[in-house]
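Colleague: work_27.cif (mmCIF, N, CA and C atoms and all ligand atoms) pasted underneath:
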data_entry
loop_
_atom_site.label_atom_id
_atom_site.label_comp_id
_atom_site.auth_asym_id
_atom_site.auth_seq_id
_atom_site.Cartn_x
_atom_site.Cartn_y
_atom_site.Cartn_z
N MET A 225 15.52 -43.15 -25.23
CA MET A 225 16.68 -42.46 -25.81
C MET A 225 17.95 -42.81 -25.05
N ARG A 226 18.93 -43.15 -25.82
CA ARG A 226 20.22 -43.52 -25.24
C ARG A 226 21.07 -42.27 -25.16
N ASP A 227 21.77 -42.08 -24.05
CA ASP A 227 22.67 -40.92 -23.96
C ASP A 227 23.75 -41.05 -25.02
N GLU A 228 24.18 -39.92 -25.52
CA GLU A 228 25.27 -39.92 -26.51
C GLU A 228 26.55 -40.38 -25.80
N ILE A 229 27.15 -41.45 -26.31
CA ILE A 229 28.39 -41.95 -25.69
C ILE A 229 29.57 -41.51 -26.55
N GLU A 230 30.49 -40.85 -25.91
CA GLU A 230 31.66 -40.34 -26.62
C GLU A 230 32.55 -41.51 -27.06
N LYS A 231 33.07 -41.40 -28.27
CA LYS A 231 33.94 -42.46 -28.78
C LYS A 231 35.31 -42.34 -28.13
N VAL A 232 35.74 -43.39 -27.44
CA VAL A 232 37.02 -43.36 -26.74
C VAL A 232 38.15 -43.84 -27.64
N VAL A 233 37.88 -44.91 -28.42
CA VAL A 233 38.95 -45.48 -29.25
C VAL A 233 38.75 -45.12 -30.72
N GLU A 234 39.88 -45.02 -31.43
CA GLU A 234 39.85 -44.76 -32.87
C GLU A 234 40.00 -46.11 -33.58
N GLU A 235 40.68 -46.12 -34.72
CA GLU A 235 40.79 -47.38 -35.46
C GLU A 235 41.73 -48.39 -34.78
N ILE A 236 41.71 -49.62 -35.29
CA ILE A 236 42.63 -50.64 -34.78
C ILE A 236 44.04 -50.24 -35.22
N ASP A 237 44.95 -50.16 -34.26
CA ASP A 237 46.34 -49.81 -34.56
C ASP A 237 47.10 -51.06 -34.98
N HIS A 238 46.95 -52.11 -34.19
CA HIS A 238 47.60 -53.37 -34.54
C HIS A 238 47.02 -54.55 -33.77
N VAL A 239 47.36 -55.74 -34.24
CA VAL A 239 47.00 -56.97 -33.54
C VAL A 239 48.32 -57.59 -33.09
N GLY A 240 48.45 -57.86 -31.80
CA GLY A 240 49.68 -58.43 -31.26
C GLY A 240 49.63 -59.95 -31.27
N ILE A 241 50.67 -60.57 -31.81
CA ILE A 241 50.71 -62.02 -31.96
C ILE A 241 51.97 -62.57 -31.28
N ALA A 242 51.77 -63.50 -30.35
CA ALA A 242 52.91 -64.13 -29.66
C ALA A 242 53.50 -65.20 -30.56
N VAL A 243 54.82 -65.15 -30.77
CA VAL A 243 55.47 -66.15 -31.63
C VAL A 243 56.73 -66.70 -30.95
N ASN A 244 57.11 -67.91 -31.35
CA ASN A 244 58.33 -68.51 -30.80
C ASN A 244 59.58 -67.94 -31.46
N ASP A 245 59.47 -67.61 -32.75
CA ASP A 245 60.65 -67.19 -33.51
C ASP A 245 60.24 -66.20 -34.60
N ILE A 246 60.61 -64.96 -34.41
CA ILE A 246 60.19 -63.91 -35.34
C ILE A 246 60.66 -64.17 -36.77
N GLU A 247 61.91 -64.56 -36.93
CA GLU A 247 62.43 -64.76 -38.29
C GLU A 247 61.65 -65.84 -39.03
N GLU A 248 61.37 -66.93 -38.30
CA GLU A 248 60.61 -68.03 -38.90
C GLU A 248 59.19 -67.58 -39.23
N THR A 249 58.60 -66.79 -38.34
CA THR A 249 57.23 -66.31 -38.56
C THR A 249 57.19 -65.33 -39.73
N LEU A 250 58.23 -64.50 -39.84
CA LEU A 250 58.27 -63.54 -40.95
C LEU A 250 58.32 -64.25 -42.30
N THR A 251 58.94 -65.41 -42.33
CA THR A 251 58.98 -66.17 -43.58
C THR A 251 57.55 -66.43 -44.06
N PHE A 252 56.68 -66.80 -43.13
CA PHE A 252 55.28 -67.05 -43.51
C PHE A 252 54.61 -65.77 -44.00
N TYR A 253 54.66 -64.71 -43.20
CA TYR A 253 53.94 -63.49 -43.56
C TYR A 253 54.51 -62.79 -44.80
N GLU A 254 55.84 -62.81 -44.92
CA GLU A 254 56.47 -62.11 -46.06
C GLU A 254 56.49 -62.97 -47.32
N LYS A 255 56.98 -64.20 -47.17
CA LYS A 255 57.18 -65.03 -48.37
C LYS A 255 55.93 -65.74 -48.83
N ILE A 256 55.05 -66.09 -47.91
CA ILE A 256 53.83 -66.82 -48.29
C ILE A 256 52.66 -65.86 -48.49
N LEU A 257 52.46 -64.94 -47.53
CA LEU A 257 51.32 -64.03 -47.64
C LEU A 257 51.67 -62.73 -48.37
N GLY A 258 52.96 -62.51 -48.60
CA GLY A 258 53.36 -61.32 -49.36
C GLY A 258 53.19 -60.01 -48.63
N MET A 259 53.23 -60.06 -47.30
CA MET A 259 53.09 -58.82 -46.53
C MET A 259 54.46 -58.13 -46.40
N LYS A 260 54.41 -56.84 -46.08
CA LYS A 260 55.63 -56.05 -46.00
C LYS A 260 55.96 -55.72 -44.55
N LYS A 261 57.22 -56.01 -44.18
CA LYS A 261 57.71 -55.71 -42.83
C LYS A 261 58.04 -54.23 -42.75
N THR A 262 57.60 -53.56 -41.70
CA THR A 262 57.92 -52.13 -41.58
C THR A 262 59.00 -51.88 -40.53
N GLY A 263 59.37 -52.91 -39.78
CA GLY A 263 60.44 -52.70 -38.81
C GLY A 263 60.56 -53.86 -37.84
N VAL A 264 61.77 -54.01 -37.30
CA VAL A 264 62.03 -54.99 -36.25
C VAL A 264 62.79 -54.24 -35.17
N GLN A 265 62.40 -54.40 -33.93
CA GLN A 265 63.15 -53.75 -32.87
C GLN A 265 63.18 -54.60 -31.61
N THR A 266 64.18 -54.36 -30.79
CA THR A 266 64.32 -55.07 -29.53
C THR A 266 63.95 -54.12 -28.40
N LEU A 267 63.03 -54.57 -27.56
CA LEU A 267 62.64 -53.77 -26.39
C LEU A 267 63.24 -54.45 -25.17
N GLU A 268 64.48 -54.07 -24.86
CA GLU A 268 65.22 -54.72 -23.77
C GLU A 268 64.46 -54.69 -22.45
N ASP A 269 63.86 -53.54 -22.13
CA ASP A 269 63.19 -53.40 -20.83
C ASP A 269 61.97 -54.31 -20.71
N ARG A 270 61.36 -54.67 -21.84
CA ARG A 270 60.19 -55.57 -21.80
C ARG A 270 60.57 -57.01 -22.14
N GLY A 271 61.86 -57.23 -22.47
CA GLY A 271 62.31 -58.58 -22.79
C GLY A 271 61.69 -59.12 -24.06
N LEU A 272 61.53 -58.25 -25.06
CA LEU A 272 60.85 -58.66 -26.29
C LEU A 272 61.57 -58.21 -27.55
N LYS A 273 61.44 -59.05 -28.57
CA LYS A 273 61.82 -58.65 -29.92
C LYS A 273 60.48 -58.47 -30.64
N VAL A 274 60.36 -57.37 -31.38
CA VAL A 274 59.07 -57.02 -31.99
C VAL A 274 59.26 -56.74 -33.47
N ALA A 275 58.36 -57.26 -34.31
CA ALA A 275 58.38 -56.94 -35.74
C ALA A 275 56.99 -56.48 -36.15
N PHE A 276 56.94 -55.51 -37.05
CA PHE A 276 55.66 -55.01 -37.54
C PHE A 276 55.50 -55.32 -39.02
N LEU A 277 54.28 -55.71 -39.40
CA LEU A 277 53.93 -55.97 -40.79
C LEU A 277 52.73 -55.09 -41.11
N GLU A 278 52.77 -54.41 -42.27
CA GLU A 278 51.68 -53.48 -42.54
C GLU A 278 50.55 -54.12 -43.34
N THR A 279 49.33 -53.59 -43.07
CA THR A 279 48.19 -53.86 -43.92
C THR A 279 47.61 -52.47 -44.19
N SER A 280 46.59 -52.38 -45.00
CA SER A 280 46.02 -51.06 -45.26
C SER A 280 45.19 -50.57 -44.08
N GLN A 281 44.95 -51.44 -43.11
CA GLN A 281 44.10 -51.05 -41.97
C GLN A 281 44.75 -51.45 -40.65
N GLY A 282 45.95 -51.00 -40.41
CA GLY A 282 46.63 -51.35 -39.17
C GLY A 282 47.71 -52.38 -39.42
N GLU A 283 48.42 -52.72 -38.37
CA GLU A 283 49.57 -53.60 -38.52
C GLU A 283 49.39 -54.91 -37.74
N LEU A 284 50.28 -55.85 -38.04
CA LEU A 284 50.44 -57.03 -37.19
C LEU A 284 51.71 -56.77 -36.40
N GLU A 285 51.70 -57.07 -35.13
CA GLU A 285 52.87 -56.91 -34.26
C GLU A 285 53.27 -58.31 -33.80
N LEU A 286 54.39 -58.79 -34.28
CA LEU A 286 54.88 -60.11 -33.87
C LEU A 286 55.74 -59.92 -32.63
N LEU A 287 55.50 -60.71 -31.60
CA LEU A 287 56.19 -60.55 -30.32
C LEU A 287 56.90 -61.84 -29.95
N GLU A 288 58.23 -61.77 -29.89
CA GLU A 288 59.03 -62.94 -29.50
C GLU A 288 59.74 -62.62 -28.19
N PRO A 289 59.61 -63.48 -27.17
CA PRO A 289 60.30 -63.19 -25.91
C PRO A 289 61.81 -63.38 -26.01
N ILE A 290 62.56 -62.50 -25.38
CA ILE A 290 64.01 -62.68 -25.30
C ILE A 290 64.46 -62.71 -23.83
N SER A 291 63.48 -62.77 -22.91
CA SER A 291 63.80 -62.98 -21.50
C SER A 291 62.89 -64.10 -21.00
N ASP A 292 63.15 -64.58 -19.77
CA ASP A 292 62.41 -65.74 -19.27
C ASP A 292 61.07 -65.41 -18.63
N ASP A 293 60.88 -64.14 -18.31
CA ASP A 293 59.67 -63.79 -17.57
C ASP A 293 59.01 -62.55 -18.13
N ASN A 294 58.03 -62.74 -18.98
CA ASN A 294 57.20 -61.62 -19.45
C ASN A 294 55.88 -62.21 -19.95
N PRO A 295 54.90 -61.37 -20.24
CA PRO A 295 53.56 -61.88 -20.59
C PRO A 295 53.57 -62.76 -21.85
N ILE A 296 54.53 -62.53 -22.75
CA ILE A 296 54.57 -63.33 -23.98
C ILE A 296 55.07 -64.75 -23.68
N VAL A 297 56.04 -64.86 -22.78
CA VAL A 297 56.50 -66.20 -22.35
C VAL A 297 55.32 -66.96 -21.76
N ARG A 298 54.57 -66.28 -20.89
CA ARG A 298 53.43 -66.95 -20.23
C ARG A 298 52.35 -67.33 -21.25
N HIS A 299 52.13 -66.46 -22.23
CA HIS A 299 51.14 -66.77 -23.27
C HIS A 299 51.58 -68.02 -24.06
N LEU A 300 52.85 -68.06 -24.43
CA LEU A 300 53.35 -69.20 -25.22
C LEU A 300 53.27 -70.50 -24.41
N GLU A 301 53.55 -70.40 -23.10
CA GLU A 301 53.49 -71.59 -22.25
C GLU A 301 52.06 -72.11 -22.10
N ARG A 302 51.14 -71.17 -21.90
CA ARG A 302 49.76 -71.57 -21.64
C ARG A 302 48.97 -71.91 -22.89
N ARG A 303 49.16 -71.10 -23.94
CA ARG A 303 48.30 -71.26 -25.12
C ARG A 303 49.04 -71.49 -26.42
N GLY A 304 50.37 -71.41 -26.37
CA GLY A 304 51.13 -71.55 -27.61
C GLY A 304 51.08 -70.27 -28.42
N GLU A 305 51.52 -70.33 -29.67
CA GLU A 305 51.54 -69.14 -30.51
C GLU A 305 50.11 -68.70 -30.83
N GLY A 306 49.95 -67.41 -31.05
CA GLY A 306 48.62 -66.93 -31.46
C GLY A 306 48.38 -65.49 -31.06
N ILE A 307 47.16 -65.02 -31.33
CA ILE A 307 46.80 -63.63 -31.03
C ILE A 307 46.86 -63.40 -29.52
N GLN A 308 47.57 -62.36 -29.13
CA GLN A 308 47.76 -62.08 -27.71
C GLN A 308 46.99 -60.83 -27.27
N HIS A 309 46.99 -59.80 -28.13
CA HIS A 309 46.24 -58.60 -27.78
C HIS A 309 45.79 -57.83 -29.01
N LEU A 310 44.87 -56.90 -28.76
CA LEU A 310 44.29 -56.06 -29.79
C LEU A 310 44.56 -54.62 -29.37
N ALA A 311 45.10 -53.80 -30.29
CA ALA A 311 45.44 -52.43 -29.91
C ALA A 311 44.62 -51.41 -30.67
N PHE A 312 44.03 -50.48 -29.92
CA PHE A 312 43.27 -49.38 -30.51
C PHE A 312 44.04 -48.08 -30.34
N LYS A 313 43.96 -47.23 -31.37
CA LYS A 313 44.52 -45.88 -31.25
C LYS A 313 43.59 -45.05 -30.37
N VAL A 314 44.19 -44.21 -29.55
CA VAL A 314 43.42 -43.23 -28.78
C VAL A 314 44.15 -41.90 -28.84
N LYS A 315 43.39 -40.84 -28.56
CA LYS A 315 44.01 -39.52 -28.43
C LYS A 315 43.96 -39.16 -26.94
N ASN A 316 44.89 -38.34 -26.50
CA ASN A 316 44.94 -37.91 -25.09
C ASN A 316 44.88 -39.11 -24.13
N ILE A 317 45.81 -40.01 -24.29
CA ILE A 317 45.76 -41.29 -23.56
C ILE A 317 45.69 -41.10 -22.04
N ASP A 318 46.45 -40.16 -21.50
CA ASP A 318 46.45 -40.00 -20.04
C ASP A 318 45.06 -39.62 -19.52
N GLN A 319 44.42 -38.71 -20.25
CA GLN A 319 43.07 -38.28 -19.88
C GLN A 319 42.08 -39.43 -20.04
N ARG A 320 42.22 -40.18 -21.11
CA ARG A 320 41.33 -41.33 -21.36
C ARG A 320 41.43 -42.37 -20.25
N ILE A 321 42.66 -42.63 -19.80
CA ILE A 321 42.86 -43.61 -18.73
C ILE A 321 42.10 -43.18 -17.47
N GLU A 322 42.24 -41.90 -17.12
CA GLU A 322 41.56 -41.41 -15.92
C GLU A 322 40.04 -41.53 -16.07
N GLU A 323 39.53 -41.19 -17.26
CA GLU A 323 38.08 -41.28 -17.50
C GLU A 323 37.61 -42.73 -17.38
N LEU A 324 38.38 -43.65 -17.98
CA LEU A 324 37.98 -45.06 -17.95
C LEU A 324 38.04 -45.62 -16.54
N LYS A 325 39.04 -45.18 -15.76
CA LYS A 325 39.13 -45.63 -14.36
C LYS A 325 37.88 -45.24 -13.59
N THR A 326 37.36 -44.03 -13.86
CA THR A 326 36.15 -43.60 -13.13
C THR A 326 34.95 -44.44 -13.55
N LYS A 327 35.05 -45.11 -14.71
CA LYS A 327 33.95 -45.99 -15.16
C LYS A 327 34.18 -47.44 -14.73
N GLY A 328 35.20 -47.64 -13.87
CA GLY A 328 35.43 -48.98 -13.32
C GLY A 328 36.34 -49.87 -14.15
N VAL A 329 36.94 -49.33 -15.21
CA VAL A 329 37.83 -50.14 -16.04
C VAL A 329 39.16 -50.34 -15.32
N LYS A 330 39.62 -51.60 -15.28
CA LYS A 330 40.90 -51.92 -14.63
C LYS A 330 42.01 -52.01 -15.69
N PHE A 331 43.19 -51.54 -15.30
CA PHE A 331 44.35 -51.57 -16.19
C PHE A 331 45.44 -52.45 -15.59
N LEU A 332 46.38 -52.86 -16.44
CA LEU A 332 47.49 -53.68 -15.94
C LEU A 332 48.61 -52.82 -15.35
N ALA A 333 48.53 -51.51 -15.52
CA ALA A 333 49.53 -50.61 -14.95
C ALA A 333 48.79 -49.35 -14.49
N GLU A 334 49.44 -48.56 -13.66
CA GLU A 334 48.82 -47.33 -13.17
C GLU A 334 48.74 -46.26 -14.25
N GLU A 335 49.80 -46.21 -15.08
CA GLU A 335 49.79 -45.18 -16.12
C GLU A 335 50.45 -45.68 -17.40
N ALA A 336 50.27 -44.90 -18.49
CA ALA A 336 50.82 -45.27 -19.79
C ALA A 336 52.35 -45.21 -19.75
N ARG A 337 52.99 -46.06 -20.58
CA ARG A 337 54.45 -46.08 -20.64
C ARG A 337 54.87 -46.17 -22.11
N PRO A 338 56.15 -45.94 -22.39
CA PRO A 338 56.61 -45.99 -23.78
C PRO A 338 56.52 -47.42 -24.33
N GLY A 339 56.00 -47.55 -25.54
CA GLY A 339 55.92 -48.84 -26.22
C GLY A 339 56.75 -48.82 -27.49
N ALA A 340 56.55 -49.83 -28.33
CA ALA A 340 57.30 -49.89 -29.59
C ALA A 340 56.93 -48.69 -30.47
N GLY A 341 57.89 -48.26 -31.27
CA GLY A 341 57.63 -47.19 -32.23
C GLY A 341 57.37 -45.82 -31.61
N GLY A 342 57.85 -45.62 -30.37
CA GLY A 342 57.70 -44.32 -29.72
C GLY A 342 56.28 -44.01 -29.26
N LYS A 343 55.40 -45.04 -29.27
CA LYS A 343 54.03 -44.80 -28.84
C LYS A 343 53.93 -44.83 -27.32
N LYS A 344 52.84 -44.26 -26.81
CA LYS A 344 52.54 -44.33 -25.39
C LYS A 344 51.43 -45.37 -25.25
N ILE A 345 51.65 -46.37 -24.40
CA ILE A 345 50.69 -47.47 -24.33
C ILE A 345 50.28 -47.85 -22.92
N ILE A 346 49.12 -48.51 -22.84
CA ILE A 346 48.66 -49.13 -21.58
C ILE A 346 47.74 -50.28 -21.95
N PHE A 347 47.66 -51.28 -21.09
CA PHE A 347 46.78 -52.42 -21.34
C PHE A 347 45.60 -52.40 -20.39
N ILE A 348 44.41 -52.64 -20.94
CA ILE A 348 43.20 -52.82 -20.12
C ILE A 348 43.20 -54.27 -19.66
N HIS A 349 42.87 -54.50 -18.39
CA HIS A 349 42.82 -55.86 -17.87
C HIS A 349 41.75 -56.67 -18.62
N PRO A 350 42.10 -57.90 -19.05
CA PRO A 350 41.11 -58.70 -19.80
C PRO A 350 39.82 -58.93 -19.01
N GLY A 351 39.92 -58.87 -17.68
CA GLY A 351 38.73 -59.03 -16.85
C GLY A 351 37.74 -57.89 -17.02
N SER A 352 38.21 -56.74 -17.49
CA SER A 352 37.33 -55.60 -17.75
C SER A 352 36.85 -55.59 -19.20
N ALA A 353 37.39 -56.49 -20.03
CA ALA A 353 37.10 -56.44 -21.47
C ALA A 353 36.67 -57.80 -22.02
N HIS A 354 35.92 -58.53 -21.21
CA HIS A 354 35.35 -59.81 -21.68
C HIS A 354 36.38 -60.74 -22.28
N GLY A 355 37.52 -60.83 -21.60
CA GLY A 355 38.52 -61.82 -22.00
C GLY A 355 39.54 -61.37 -23.03
N VAL A 356 39.41 -60.13 -23.51
CA VAL A 356 40.37 -59.65 -24.52
C VAL A 356 41.37 -58.72 -23.85
N LEU A 357 42.65 -58.96 -24.12
CA LEU A 357 43.68 -58.03 -23.64
C LEU A 357 43.72 -56.87 -24.65
N ILE A 358 43.28 -55.71 -24.21
CA ILE A 358 43.21 -54.54 -25.10
C ILE A 358 44.30 -53.55 -24.75
N GLU A 359 45.05 -53.13 -25.77
CA GLU A 359 46.07 -52.11 -25.59
C GLU A 359 45.51 -50.80 -26.14
N LEU A 360 45.71 -49.74 -25.40
CA LEU A 360 45.38 -48.40 -25.91
C LEU A 360 46.71 -47.77 -26.26
N CYS A 361 46.81 -47.14 -27.42
CA CYS A 361 48.09 -46.53 -27.76
C CYS A 361 47.89 -45.18 -28.43
N GLU A 362 48.81 -44.30 -28.12
CA GLU A 362 48.80 -42.95 -28.69
C GLU A 362 50.09 -42.74 -29.47
N GLU A 363 49.94 -42.28 -30.71
CA GLU A 363 51.10 -41.99 -31.56
C GLU A 363 52.00 -40.96 -30.90
N ALA A 364 53.29 -41.08 -31.16
CA ALA A 364 54.22 -40.05 -30.70
C ALA A 364 53.93 -38.78 -31.50
N ASP A 365 54.17 -37.63 -30.91
CA ASP A 365 53.93 -36.34 -31.61
C ASP A 365 54.89 -36.18 -32.78
ZN ZN A 401 50.87 -54.09 -29.01
#
Produce structure tokens that represent the structure in this file.

Modeller:
Amino acid sequence: MRDEIEKVVEEIDHVGIAVNDIEETLTFYEKILGMKKTGVQTLEDRGLKVAFLETSQGELELLEPISDDNPIVRHLERRGEGIQHLAFKVKNIDQRIEELKTKGVKFLAEEARPGAGGKKIIFIHPGSAHGVLIELCEEAD
């Protein structure tokens, strides 16, 4: 018998994609694939321009760097454009982070911080997640 394991993550919130040029990328998703943009915003503190495209099961988050030093710049340099991270919705993010830390999960920051769209976010270190950069995010109230 396996112990009952509590579900930590909810559905996929979004897939983060590193791009060189958001406007050019939007042409593909909007004009070719017919997807709908739900917003574009600039996150000055993270050095990023971000655009969201909706699907019926979560969003695509396009990430274009607007500063010289951030994880998206490094992703583009090392691997070029492509999927950068996967984001799951969680509830009670602060409590979840503490629980996961006790299970040995490593994070890229000590605590959750504000992300795009007023969400609270944190990234799990890819070394703890078999090579995937996982973002946990909690909707704003
Ligand atoms: Zn994200």

Colleague: Could you pull out the residues sitting within 6 Å of ligand ZN 401 (chain A), using all atoms listed in the file, and write them as a list in words?

Modeller: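 The residues near ligand ZN 401 (chain A) are Val239, Gly240 and Ala311 of chain A.
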
Colleague: When DSSP is applied to the backbone of this structure, which of segment 231-329 of chain A are assigned strand (DSSP E or B)? Write them out as a ChimeraX atom specification.

Modeller: /A:236-242,260-267,272-279,282-289,306-313

Colleague: What does the distance between atom CA of Val329 of chain A and atom CA of Glu234 of chain A come to in Å, to one decimal place?

Modeller: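 A separation of 17.8 Å between them.
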
Colleague: List every protein, DNA or RNA residue with an atom no more than 8 Å from (57.9, -54.9, -22.8) in the file's coordinates, counting only N, CA and C atoms, and format the result as a list in words.

Modeller: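 Those residues, ordered by chain and then number, are Leu267, Glu268, Asp269, Arg270, Gly271, Leu272, Lys273, Asn294, Pro295, Pro338, Gly339 and Ala340 of chain A.
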
Colleague: For Lys343 of chain A, which of A:Asp365, A:Met259, A:Asp293, A:Glu305 is the closest residue, counting only C-alpha atoms?

Modeller: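 Closest candidate: A:Asp365.
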
Colleague: Quote the spacing between atom CA of Ser291 of chain A and atom CA of Asp237 of chain A in Å to one decimal place.

Modeller: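 Separating atom CA of Ser291 of chain A from atom CA of Asp237 of chain A is a distance of 25.5 Å.
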
Colleague: Mind giving me the straight-line distance from atom C of Gly342 of chain A to atom C of Leu360 of chain A in Å, one decimal?

Modeller: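 Interatomic distance here is 10.7 Å.
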
Colleague: Running DSSP on the backbone, which parts of chain A land in alpha helix (DSSP H), as a ChimeraX atom specification?

Modeller: /A:246-250,295-303,317-326
